[in-house]
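Raw contents of input.txt, compact mmCIF, C-alpha atoms:
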```txt
# COMPACT_ATOMS: atom_id res chain seq x y z
CA MET A 1 0.00 0.00 0.00
CA ASN A 2 2.88 2.36 0.86
CA LEU A 3 4.48 1.59 -2.52
CA ILE A 4 1.27 2.45 -4.37
CA HIS A 5 0.97 5.68 -2.39
CA SER A 6 4.57 6.63 -3.25
CA ILE A 7 4.03 5.95 -6.96
CA LEU A 8 0.87 8.07 -6.98
CA CYS A 9 2.73 10.94 -5.29
CA VAL A 10 5.49 10.81 -7.89
CA LEU A 11 2.97 10.76 -10.74
CA LEU A 12 1.15 13.75 -9.27
CA VAL A 13 4.41 15.71 -8.98
CA VAL A 14 5.37 14.90 -12.57
CA ALA A 15 1.89 15.81 -13.83
CA GLY A 16 2.01 19.06 -11.87
CA ASN A 17 5.37 20.00 -13.33
CA ALA A 18 4.19 19.21 -16.86
CA ALA A 19 1.11 21.39 -16.36
CA GLU A 20 3.24 24.38 -15.39
CA PRO A 21 4.36 26.62 -18.29
CA LEU A 22 7.97 26.05 -19.25
CA HIS A 23 8.96 29.65 -18.50
CA VAL A 24 7.85 29.22 -14.87
CA ARG A 25 9.95 26.07 -14.48
CA ILE A 26 12.96 27.76 -16.10
CA ASP A 27 12.83 30.72 -13.74
CA ARG A 28 12.38 28.54 -10.66
CA LEU A 29 15.42 26.48 -11.61
CA ILE A 30 17.64 29.47 -12.42
CA ASP A 31 16.58 31.59 -9.44
CA GLY A 32 16.90 28.66 -7.05
CA GLY A 33 20.55 28.12 -7.92
CA GLN A 34 21.56 31.78 -8.04
CA VAL A 35 24.30 32.99 -5.69
CA GLY A 36 24.00 36.69 -4.90
CA ALA A 37 21.69 39.46 -6.11
CA LEU A 38 19.75 39.26 -9.38
CA ALA A 39 19.32 42.08 -11.88
CA GLY A 40 15.86 43.60 -11.99
CA GLN A 41 13.42 43.58 -14.86
CA SER A 42 14.46 45.45 -17.99
CA SER A 43 12.80 48.74 -18.80
CA ASP A 44 10.18 48.81 -21.53
CA ALA A 45 12.67 50.57 -23.82
CA GLU A 46 15.28 47.85 -23.24
CA PHE A 47 12.78 45.06 -23.71
CA VAL A 48 11.15 46.27 -26.93
CA ARG A 49 14.55 46.78 -28.56
CA ARG A 50 15.72 43.34 -27.42
CA VAL A 51 12.66 41.41 -28.55
CA TYR A 52 12.60 43.09 -31.97
CA LEU A 53 16.28 42.33 -32.56
CA ASP A 54 15.91 38.69 -31.48
CA PHE A 55 12.74 37.91 -33.42
CA THR A 56 12.94 40.17 -36.48
CA GLY A 57 16.64 41.05 -36.76
CA ARG A 58 16.04 44.80 -36.51
CA ILE A 59 15.25 47.44 -33.92
CA PRO A 60 11.65 48.72 -33.71
CA SER A 61 10.60 51.85 -35.51
CA SER A 62 10.29 54.95 -33.34
CA THR A 63 6.49 54.75 -33.68
CA ALA A 64 6.34 51.09 -32.60
CA ALA A 65 8.71 51.74 -29.67
CA ARG A 66 6.65 54.73 -28.42
CA GLU A 67 3.40 52.80 -28.73
CA PHE A 68 4.80 49.98 -26.65
CA ILE A 69 6.34 52.23 -23.99
CA ASP A 70 3.14 54.30 -23.66
CA ASN A 71 0.94 51.19 -23.45
CA LYS A 72 -0.19 50.63 -19.82
CA ALA A 73 -1.60 47.11 -20.28
CA ALA A 74 -0.20 44.51 -17.87
CA ASP A 75 0.15 41.86 -20.61
CA LYS A 76 1.77 44.05 -23.27
CA ARG A 77 5.04 42.10 -23.21
CA THR A 78 3.26 38.82 -23.87
CA LYS A 79 1.26 40.43 -26.68
CA ILE A 80 4.28 41.88 -28.47
CA ILE A 81 6.10 38.53 -28.21
CA ASP A 82 3.11 36.81 -29.82
CA GLN A 83 2.81 39.56 -32.43
CA LEU A 84 6.43 39.30 -33.52
CA LEU A 85 6.52 35.49 -33.50
CA GLY A 86 3.51 35.49 -35.82
CA SER A 87 4.99 38.01 -38.24
CA HIS A 88 6.56 37.49 -41.67
CA GLU A 89 9.67 39.24 -40.37
CA TYR A 90 10.15 36.47 -37.81
CA ALA A 91 9.99 33.80 -40.54
CA ARG A 92 12.45 35.75 -42.69
CA HIS A 93 14.89 36.36 -39.84
CA MET A 94 14.81 32.71 -38.73
CA ALA A 95 15.35 31.61 -42.33
CA VAL A 96 18.45 33.79 -42.67
CA SER A 97 19.79 32.65 -39.30
CA PHE A 98 19.28 28.95 -40.05
CA ASP A 99 20.68 29.34 -43.56
CA VAL A 100 23.94 30.66 -42.09
CA MET A 101 23.96 27.94 -39.42
CA LEU A 102 23.32 25.05 -41.82
CA MET A 103 25.11 26.17 -45.01
CA GLU A 104 27.91 28.29 -43.49
CA ARG A 105 27.81 30.64 -46.49
CA ARG A 106 28.83 27.98 -49.02
CA ALA A 107 28.78 28.84 -52.71
CA ASP A 108 25.72 27.62 -54.62
CA LYS A 109 26.10 24.36 -56.58
CA HIS A 110 22.84 22.53 -57.24
CA VAL A 111 20.22 24.61 -55.38
CA LYS A 112 20.20 28.41 -55.51
CA THR A 113 20.23 30.30 -52.22
CA PRO A 114 17.00 32.29 -52.93
CA GLU A 115 15.11 29.00 -53.48
CA TRP A 116 16.56 27.52 -50.29
CA ARG A 117 15.80 30.69 -48.32
CA GLN A 118 12.21 30.69 -49.58
CA TYR A 119 11.86 27.07 -48.47
CA LEU A 120 13.05 28.03 -44.98
CA ILE A 121 10.79 31.11 -44.86
CA ASP A 122 7.79 28.99 -45.83
CA SER A 123 8.73 26.40 -43.21
CA PHE A 124 9.01 28.91 -40.38
CA ARG A 125 5.87 30.72 -41.47
CA ALA A 126 4.00 27.39 -41.41
CA ASN A 127 5.64 26.66 -38.03
CA LYS A 128 6.89 23.23 -39.06
CA PRO A 129 8.38 21.29 -36.13
CA TRP A 130 12.15 20.99 -36.26
CA ASN A 131 12.07 17.25 -36.98
CA LYS A 132 9.72 17.93 -39.92
CA ILE A 133 12.16 20.43 -41.45
CA VAL A 134 15.11 18.12 -40.86
CA GLY A 135 13.20 15.16 -42.27
CA GLU A 136 12.59 17.12 -45.48
CA ILE A 137 16.26 18.12 -45.64
CA PHE A 138 17.29 14.46 -45.36
CA THR A 139 14.74 13.04 -47.82
CA SER A 140 14.45 15.73 -50.51
CA GLU A 141 15.88 14.51 -53.81
CA GLY A 142 16.02 17.90 -55.53
CA ASP A 143 13.07 16.92 -57.73
CA LYS A 144 11.26 19.98 -59.11
CA ASN A 145 8.45 17.92 -60.66
CA ALA A 146 5.40 18.64 -58.51
CA SER A 147 3.78 15.34 -59.48
CA THR A 148 6.69 13.16 -58.35
CA ALA A 149 8.42 15.21 -55.60
CA LYS A 150 7.50 14.03 -52.11
CA VAL A 151 8.98 17.06 -50.30
CA PRO A 152 10.11 20.54 -51.42
CA TYR A 153 13.05 20.22 -53.80
CA ALA A 154 15.01 23.14 -52.32
CA ALA A 155 15.38 21.28 -49.01
CA ALA A 156 17.99 19.11 -50.77
CA LYS A 157 20.50 21.98 -50.70
CA PHE A 158 22.10 20.88 -47.41
CA ILE A 159 23.14 17.52 -48.89
CA MET A 160 23.41 18.27 -52.62
CA ASP A 161 25.50 21.42 -52.28
CA ARG A 162 28.00 19.26 -50.39
CA ASP A 163 27.98 17.08 -53.54
CA MET A 164 26.81 14.14 -51.43
CA GLU A 165 30.45 13.63 -50.41
CA VAL A 166 29.69 11.06 -47.73
CA ASN A 167 32.35 12.03 -45.19
CA LEU A 168 31.58 15.75 -45.50
CA VAL A 169 27.82 15.19 -45.14
CA THR A 170 28.38 12.83 -42.19
CA ARG A 171 30.53 15.38 -40.36
CA ASP A 172 28.11 18.24 -40.96
CA ILE A 173 25.02 16.25 -40.00
CA SER A 174 26.71 15.19 -36.76
CA ARG A 175 27.64 18.82 -36.00
CA LYS A 176 24.49 20.63 -37.04
CA PHE A 177 21.80 18.16 -36.03
CA PHE A 178 23.37 16.25 -33.12
CA GLY A 179 25.79 18.84 -31.72
CA MET A 180 28.72 16.41 -32.07
CA ASP A 181 31.88 17.27 -33.99
CA LEU A 182 32.89 13.73 -34.96
CA GLN A 183 35.48 14.62 -37.60
CA CYS A 184 38.39 13.16 -35.63
CA ALA A 185 36.46 9.89 -35.21
CA GLN A 186 36.51 9.22 -38.96
CA CYS A 187 39.84 7.38 -38.71
CA HIS A 188 39.93 6.32 -35.04
CA ASP A 189 38.26 6.84 -31.67
CA HIS A 190 38.51 10.53 -30.78
CA PRO A 191 41.89 11.17 -29.08
CA ASN A 192 40.61 14.01 -26.86
CA ILE A 193 36.93 13.22 -26.22
CA ASP A 194 36.28 10.03 -24.27
CA ASP A 195 32.73 9.44 -25.51
CA PHE A 196 33.27 9.95 -29.27
CA TYR A 197 33.99 6.63 -30.94
CA GLN A 198 34.79 5.68 -34.52
CA ARG A 199 31.64 3.54 -34.54
CA ASP A 200 29.58 6.68 -33.71
CA TYR A 201 30.89 8.33 -36.87
CA TYR A 202 30.20 5.30 -39.04
CA GLY A 203 26.77 4.76 -37.49
CA ILE A 204 25.69 8.07 -39.09
CA TYR A 205 27.83 7.41 -42.18
CA ALA A 206 25.91 4.17 -42.82
CA PHE A 207 22.64 6.12 -43.25
CA LEU A 208 24.28 8.08 -46.11
CA SER A 209 26.77 5.75 -47.75
CA ARG A 210 24.32 4.47 -50.37
CA SER A 211 23.32 7.95 -51.59
CA TYR A 212 24.90 9.76 -54.53
CA ILE A 213 24.41 12.62 -56.99
CA PHE A 214 22.53 11.43 -60.08
CA GLN A 215 23.31 13.53 -63.17
CA PRO A 216 24.01 11.38 -66.24
CA ASP A 217 23.19 14.34 -68.49
CA LYS A 218 25.17 17.41 -67.39
CA LYS A 219 22.73 19.63 -69.24
CA LYS A 220 19.92 18.56 -66.89
CA PRO A 221 19.61 19.37 -63.17
CA ALA A 222 21.17 16.89 -60.76
CA LEU A 223 19.06 14.76 -58.45
CA LEU A 224 19.82 12.78 -55.32
CA ALA A 225 19.64 8.99 -55.72
CA GLU A 226 20.27 5.97 -53.53
CA LYS A 227 21.48 2.39 -54.02
CA PRO A 228 19.62 -0.48 -52.34
CA THR A 229 22.77 -2.22 -51.09
CA GLY A 230 26.16 -1.40 -49.58
CA GLU A 231 27.47 -2.04 -46.09
CA VAL A 232 29.90 -0.04 -43.95
CA GLY A 233 33.12 -1.24 -42.36
CA PHE A 234 35.84 0.70 -40.57
CA LYS A 235 39.33 0.20 -39.19
CA SER A 236 41.26 2.34 -36.70
CA VAL A 237 44.53 3.72 -38.05
CA PHE A 238 45.89 3.67 -34.47
CA THR A 239 44.93 0.23 -33.16
CA ASP A 240 43.95 -1.75 -36.29
CA VAL A 241 40.68 -2.57 -34.51
CA SER A 242 38.06 -3.04 -37.21
CA GLY A 243 34.35 -3.57 -37.35
CA ARG A 244 31.24 -3.02 -39.37
CA THR A 245 28.01 -1.32 -38.52
CA ARG A 246 24.49 -0.87 -39.71
CA PRO A 247 22.98 2.63 -39.40
CA ARG A 248 22.97 3.86 -35.80
CA LEU A 249 22.08 7.20 -34.20
CA PRO A 250 24.17 8.70 -31.37
CA LEU A 251 23.40 7.02 -28.01
CA GLY A 252 21.39 4.41 -29.90
CA VAL A 253 21.80 0.87 -31.18
CA GLU A 254 22.09 -0.42 -34.73
CA ILE A 255 18.69 -0.29 -36.39
CA THR A 256 16.84 -3.33 -37.69
CA GLU A 257 16.36 -3.26 -41.45
CA PRO A 258 13.83 -5.10 -43.62
CA ALA A 259 14.89 -8.24 -45.47
CA ILE A 260 14.27 -7.70 -49.19
CA LYS A 261 14.23 -10.58 -51.65
CA SER A 262 16.84 -10.68 -54.37
CA GLY A 263 15.50 -9.02 -57.50
CA GLU A 264 13.00 -6.86 -55.58
CA GLU A 265 15.47 -4.21 -54.34
CA TYR A 266 14.16 -1.44 -56.61
CA LEU A 267 10.85 0.33 -56.99
CA VAL A 268 12.32 1.85 -60.17
CA LYS A 269 15.07 -0.32 -61.64
CA PRO A 270 18.07 1.18 -63.43
CA ASP A 271 17.79 0.88 -67.20
CA LYS A 272 20.88 1.09 -69.43
CA LYS A 273 18.71 2.22 -72.33
CA LYS A 274 17.22 5.07 -70.27
CA LYS A 275 20.22 6.78 -68.77
CA ASN A 276 18.12 9.65 -67.33
CA LEU A 277 15.80 7.29 -65.42
CA ARG A 278 16.74 7.70 -61.76
CA PRO A 279 16.72 4.39 -59.84
CA ILE A 280 14.61 4.32 -56.66
CA PRO A 281 15.25 1.66 -53.99
CA ARG A 282 12.45 -0.12 -52.17
CA TYR A 283 14.07 0.76 -48.83
CA SER A 284 15.84 4.08 -48.19
CA ARG A 285 18.29 4.51 -45.34
CA ARG A 286 18.07 8.30 -45.61
CA ALA A 287 14.30 8.12 -45.24
CA ARG A 288 14.78 5.92 -42.18
CA LEU A 289 17.17 8.52 -40.72
CA ALA A 290 14.47 11.17 -41.16
CA GLU A 291 11.97 8.98 -39.30
CA LEU A 292 14.23 8.26 -36.33
CA VAL A 293 15.76 11.64 -35.43
CA ALA A 294 12.79 13.08 -33.53
CA ASP A 295 13.19 10.58 -30.68
CA ASN A 296 16.98 10.83 -30.42
CA ARG A 297 18.15 12.59 -27.25
CA MET A 298 21.22 14.19 -28.84
CA PHE A 299 19.05 15.57 -31.65
CA GLN A 300 16.60 17.02 -29.12
CA ARG A 301 19.33 18.40 -26.87
CA ASN A 302 21.18 20.01 -29.77
CA ILE A 303 18.26 22.12 -31.00
CA ALA A 304 17.18 23.09 -27.46
CA ASN A 305 20.73 24.29 -26.77
CA ARG A 306 20.92 26.22 -30.05
CA LEU A 307 17.53 27.92 -29.63
CA TRP A 308 18.42 29.03 -26.08
CA GLY A 309 21.66 30.48 -27.43
CA TYR A 310 19.75 32.09 -30.28
CA VAL A 311 17.79 34.39 -27.95
CA MET A 312 20.06 34.53 -24.88
CA GLY A 313 23.26 35.26 -26.81
CA ARG A 314 25.09 32.29 -25.30
CA ALA A 315 24.02 28.66 -25.36
CA VAL A 316 24.08 26.40 -22.30
CA VAL A 317 26.87 24.46 -24.04
CA GLU A 318 29.47 26.37 -26.03
CA PRO A 319 30.68 25.70 -28.65
CA ARG A 320 27.31 24.52 -29.85
CA ASP A 321 28.68 21.50 -31.71
CA GLY A 322 30.52 20.39 -28.58
CA LEU A 323 27.89 18.34 -26.75
CA HIS A 324 29.95 15.75 -24.86
CA THR A 325 30.95 14.87 -21.30
CA ASP A 326 34.34 16.59 -21.53
CA ASN A 327 32.54 19.88 -22.26
CA PRO A 328 29.79 19.97 -19.61
CA ALA A 329 26.88 22.37 -19.82
CA ALA A 330 27.16 25.61 -17.85
CA HIS A 331 23.90 24.55 -16.18
CA PRO A 332 23.26 20.81 -16.83
CA ALA A 333 19.84 20.78 -15.15
CA LEU A 334 18.73 23.75 -17.27
CA LEU A 335 19.78 22.01 -20.49
CA GLU A 336 17.76 18.93 -19.56
CA LEU A 337 14.75 21.06 -18.60
CA LEU A 338 14.91 22.95 -21.92
CA THR A 339 15.21 19.68 -23.83
CA ASN A 340 12.29 18.10 -21.98
CA GLY A 341 10.20 21.21 -22.51
CA LEU A 342 10.88 21.26 -26.24
CA VAL A 343 9.98 17.57 -26.48
CA GLU A 344 6.71 18.24 -24.64
CA MET A 345 5.98 20.84 -27.33
CA LYS A 346 6.71 18.23 -30.04
CA LEU A 347 9.73 20.26 -31.23
CA ASP A 348 7.60 23.36 -31.92
CA MET A 349 10.31 26.05 -32.14
CA ARG A 350 7.94 29.02 -32.10
CA ALA A 351 6.24 27.83 -28.91
CA PHE A 352 9.63 27.14 -27.33
CA LEU A 353 11.01 30.60 -28.17
CA ARG A 354 7.84 32.15 -26.77
CA GLU A 355 8.40 30.41 -23.43
CA VAL A 356 12.03 31.53 -23.30
CA ALA A 357 11.04 35.13 -24.06
CA LEU A 358 8.47 35.05 -21.24
CA THR A 359 11.09 34.13 -18.62
CA LYS A 360 12.36 36.61 -16.08
CA ALA A 361 15.83 35.46 -17.13
CA TYR A 362 15.27 36.78 -20.66
CA GLN A 363 13.56 39.96 -19.51
CA ARG A 364 16.17 41.03 -16.94
CA SER A 365 17.90 44.38 -17.29
CA PHE A 366 21.49 44.55 -18.49
CA ARG A 367 22.19 46.92 -15.58
CA LEU A 368 23.81 45.34 -12.54
CA PRO A 369 21.76 45.33 -9.32
CA GLY A 370 22.75 47.87 -6.68
CA GLY A 371 24.36 47.02 -3.35
CA LEU A 372 26.43 44.13 -4.66
CA ALA A 373 28.67 42.58 -2.01
CA ALA A 374 31.24 39.84 -2.25
CA PRO A 375 29.78 36.48 -1.10
CA ASP A 376 31.12 34.81 2.04
CA GLU A 377 34.26 32.97 0.94
CA ALA A 378 33.89 30.26 3.59
CA VAL A 379 30.34 29.48 2.44
CA LEU A 380 31.46 29.20 -1.17
CA HIS A 381 34.37 26.95 -0.19
CA ASP A 382 32.05 24.61 1.73
CA GLU A 383 29.70 24.45 -1.24
CA PHE A 384 32.62 23.74 -3.55
CA GLU A 385 33.78 20.87 -1.34
CA ARG A 386 30.27 19.42 -1.18
CA GLN A 387 29.77 19.52 -4.93
CA SER A 388 33.30 18.18 -5.58
CA THR A 389 32.61 15.16 -3.37
CA ALA A 390 29.33 14.52 -5.15
CA ALA A 391 31.01 14.91 -8.55
CA ASP A 392 33.76 12.43 -7.60
CA ALA A 393 31.14 9.84 -6.63
CA VAL A 394 29.29 10.29 -9.92
CA GLN A 395 32.57 10.12 -11.86
CA LYS A 396 33.43 6.77 -10.27
CA GLU A 397 30.01 5.39 -11.23
CA PHE A 398 30.44 6.72 -14.76
CA ASP A 399 33.94 5.21 -15.12
CA ALA A 400 32.69 1.80 -13.95
CA ALA A 401 29.73 1.89 -16.34
CA LYS A 402 31.96 3.04 -19.20
CA GLU A 403 34.36 0.15 -18.59
CA VAL A 404 31.47 -2.33 -18.85
CA LEU A 405 30.15 -0.58 -21.96
CA ASP A 406 33.55 -0.58 -23.68
CA LYS A 407 33.95 -4.29 -22.98
CA SER A 408 30.52 -5.10 -24.42
CA ARG A 409 31.25 -2.97 -27.49
CA GLY A 410 34.58 -4.76 -27.93
CA ASP A 411 32.80 -8.10 -27.71
CA ARG A 412 30.32 -6.95 -30.34
CA LEU A 413 33.13 -5.90 -32.69
CA ALA A 414 34.73 -9.32 -32.24
CA ALA A 415 31.38 -10.96 -32.97
CA ASN A 416 31.00 -8.82 -36.09
CA ALA A 417 34.45 -9.98 -37.23
CA GLN A 418 33.31 -13.58 -36.84
CA ILE A 419 30.15 -12.79 -38.81
CA ASP A 420 32.26 -11.25 -41.59
CA LYS A 421 34.42 -14.38 -41.63
CA ALA A 422 31.35 -16.60 -41.79
CA ASP A 423 29.80 -14.45 -44.53
CA LYS A 424 32.84 -15.05 -46.75
CA VAL A 425 32.34 -18.83 -46.45
CA VAL A 426 28.62 -18.69 -47.27
CA PRO A 427 28.93 -18.35 -51.10
CA THR A 428 31.30 -21.36 -51.31
CA ALA A 429 29.07 -23.41 -49.01
CA LYS A 430 26.00 -22.44 -51.02
CA LYS A 431 27.75 -23.47 -54.24
CA ALA A 432 28.64 -26.86 -52.73
CA LEU A 433 25.07 -27.23 -51.43
CA ASP A 434 23.65 -26.50 -54.88
CA ALA A 435 25.98 -29.09 -56.44
CA THR A 436 25.00 -31.66 -53.82
CA GLY A 437 21.34 -30.85 -54.44
CA LYS A 438 21.75 -31.58 -58.13
CA LEU A 439 23.39 -34.95 -57.39
CA LEU A 440 20.62 -35.75 -54.92
CA SER A 441 17.95 -34.87 -57.48
CA ALA A 442 19.62 -37.09 -60.07
CA ALA A 443 19.89 -39.98 -57.60
CA GLN A 444 16.23 -39.59 -56.62
CA LYS A 445 15.26 -39.61 -60.28
CA ASP A 446 17.25 -42.82 -60.88
CA LEU A 447 15.71 -44.37 -57.77
```
What would the structure in this file look like if it were written as structure tokens?
Amino acid sequence: MNLIHSILCVLLVVAGNAAEPLHVRIDRLIDGGQVGALAGQSSDAEFVRRVYLDFTGRIPSSTAAREFIDNKAADKRTKIIDQLLGSHEYARHMAVSFDVMLMERRADKHVKTPEWRQYLIDSFRANKPWNKIVGEIFTSEGDKNASTAKVPYAAAKFIMDRDMEVNLVTRDISRKFFGMDLQCAQCHDHPNIDDFYQRDYYGIYAFLSRSYIFQPDKKKPALLAEKPTGEVGFKSVFTDVSGRTRPRLPLGVEITEPAIKSGEEYLVKPDKKKKNLRPIPRYSRRARLAELVADNRMFQRNIANRLWGYVMGRAVVEPRDGLHTDNPAAHPALLELLTNGLVEMKLDMRAFLREVALTKAYQRSFRLPGGLAAPDEAVLHDEFERQSTAADAVQKEFDAAKEVLDKSRGDRLAANAQIDKADKVVPTAKKALDATGKLLSAAQKDL
């Protein structure tokens, strides 16, 4: 009975927290851990300038600023946040910001920047969830034919303007969508970051390795195509440890893939007589990547961190593609709260930015509070000792768990090596079996 009562209490607490607006939970967490005085609320003049710059990329006109400052309504800050988030200027500003983040000012190759920008503007105006936008980026094939294109063609710019160079696309997807700079893990486990492994790099690589630029006729626009087969193996240049992997997301396991009968791999088969006919596989690994990202914790954490940095000027983890245990968040509990809140909103970026803008943390003045005094050094030292002891205990638990994990991963690599060895024998064994089957059939016929 006591157990049931405890479970009910926990469920009530969780339900209560979920019912509270995210901005209330953010402020309670930040204020509760603050040492010393807090800055007061910003003036109306400070706030209106700030919110315009963050959500439209420009300062307000003198008329708009005066109207806001002269307005005596208690909810005017909430109303102007909603007004700006619903404006075309917000969609345009977000499109420009995300264009710079994702494309890093690369020169145009297959998709023109105005077309790509318009795709982003339309997406932010329609308030597409982040996983929806990313899914379109991963699955767009650059097809401009409205009757055959499944998603907007311009979304293919992220992959196609990198010429579908698999290593480049793998590195940039890991950075931009998972917050993990895995470049050094291409050839070996990362030498400086304990939790970046070569198999992490090739887990993402495997989603992309079958894709390629399809442009048999250079006079016609290129498209993105995909082969139905092709597996991924890797070998460390440091240790000679090798392995193979199916597609795998960060923090996840290798995905299960459908078994497709020989001869049925294509929905549209390649045809030597029709060189411009783009082959289409029955099963697409890139499409599977688009389906899986929404539930991946690193994917969720990455965009929550970036959106917080977008409006607050500094993300919880900097640099923003450095999400790993050797670069802890400035406020780990805040990062998890932001991530959970964004997931609750089903990755709705507009709703998330609204909650951040409603926080006291966002609306504080840039002026320092008066009467600042140095905190008691002895109190700070005691707190430091307490947290250091707690951190040491957690580190020991982490090290023990990591040792077990590394051993199990090593065992799996060894098992994969045995599978590879067995796979090489299969064709010969099958050939012998077929020959034996023919002899058996002949003997049965004679009998």
Separation of CA of Tyr310 (chain A) from CA of Lys79 (chain A) in Å: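 CA of Tyr310 (chain A) lies at a distance of 20.6 Å from CA of Lys79 (chain A).
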query: What lies within 8 Å of Asn127 (chain A) using all atoms listed in the file, ignoring chain neighbours under 3 positions off, as a VMD selection string?
result: chain A and resid 123 to 124 348 to 350
- prompt: What is the distance between CA of Glu141 (chain A) and CA of Ala155 (chain A), in Å to one decimal?
  reply: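 Between these atoms lies a distance of 8.3 Å.
Here CA of Pro114 (chain A) and CA of Val96 (chain A) stand 10.5 Å from one another.
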List every residue of region 231-263 of chain A that has an atom at most 12 Å from any atom of region 398-412 of chain A, and for each one report the closest atom pair and its distance in Å to one decimal, counting only C-alpha atoms, with rows sorted by chain and then by increasing residue number, as CSV.
```
residue,atom,partner,partner_atom,distance
A:Val241,CA,A:Gly410,CA,9.2
A:Ser242,CA,A:Gly410,CA,10.1
A:Gly243,CA,A:Arg412,CA,8.8
A:Arg244,CA,A:Arg412,CA,9.9
A:Thr245,CA,A:Arg412,CA,10.2
A:Leu251,CA,A:Leu405,CA,11.8
A:Val253,CA,A:Arg409,CA,10.8
A:Glu254,CA,A:Arg412,CA,11.4
```
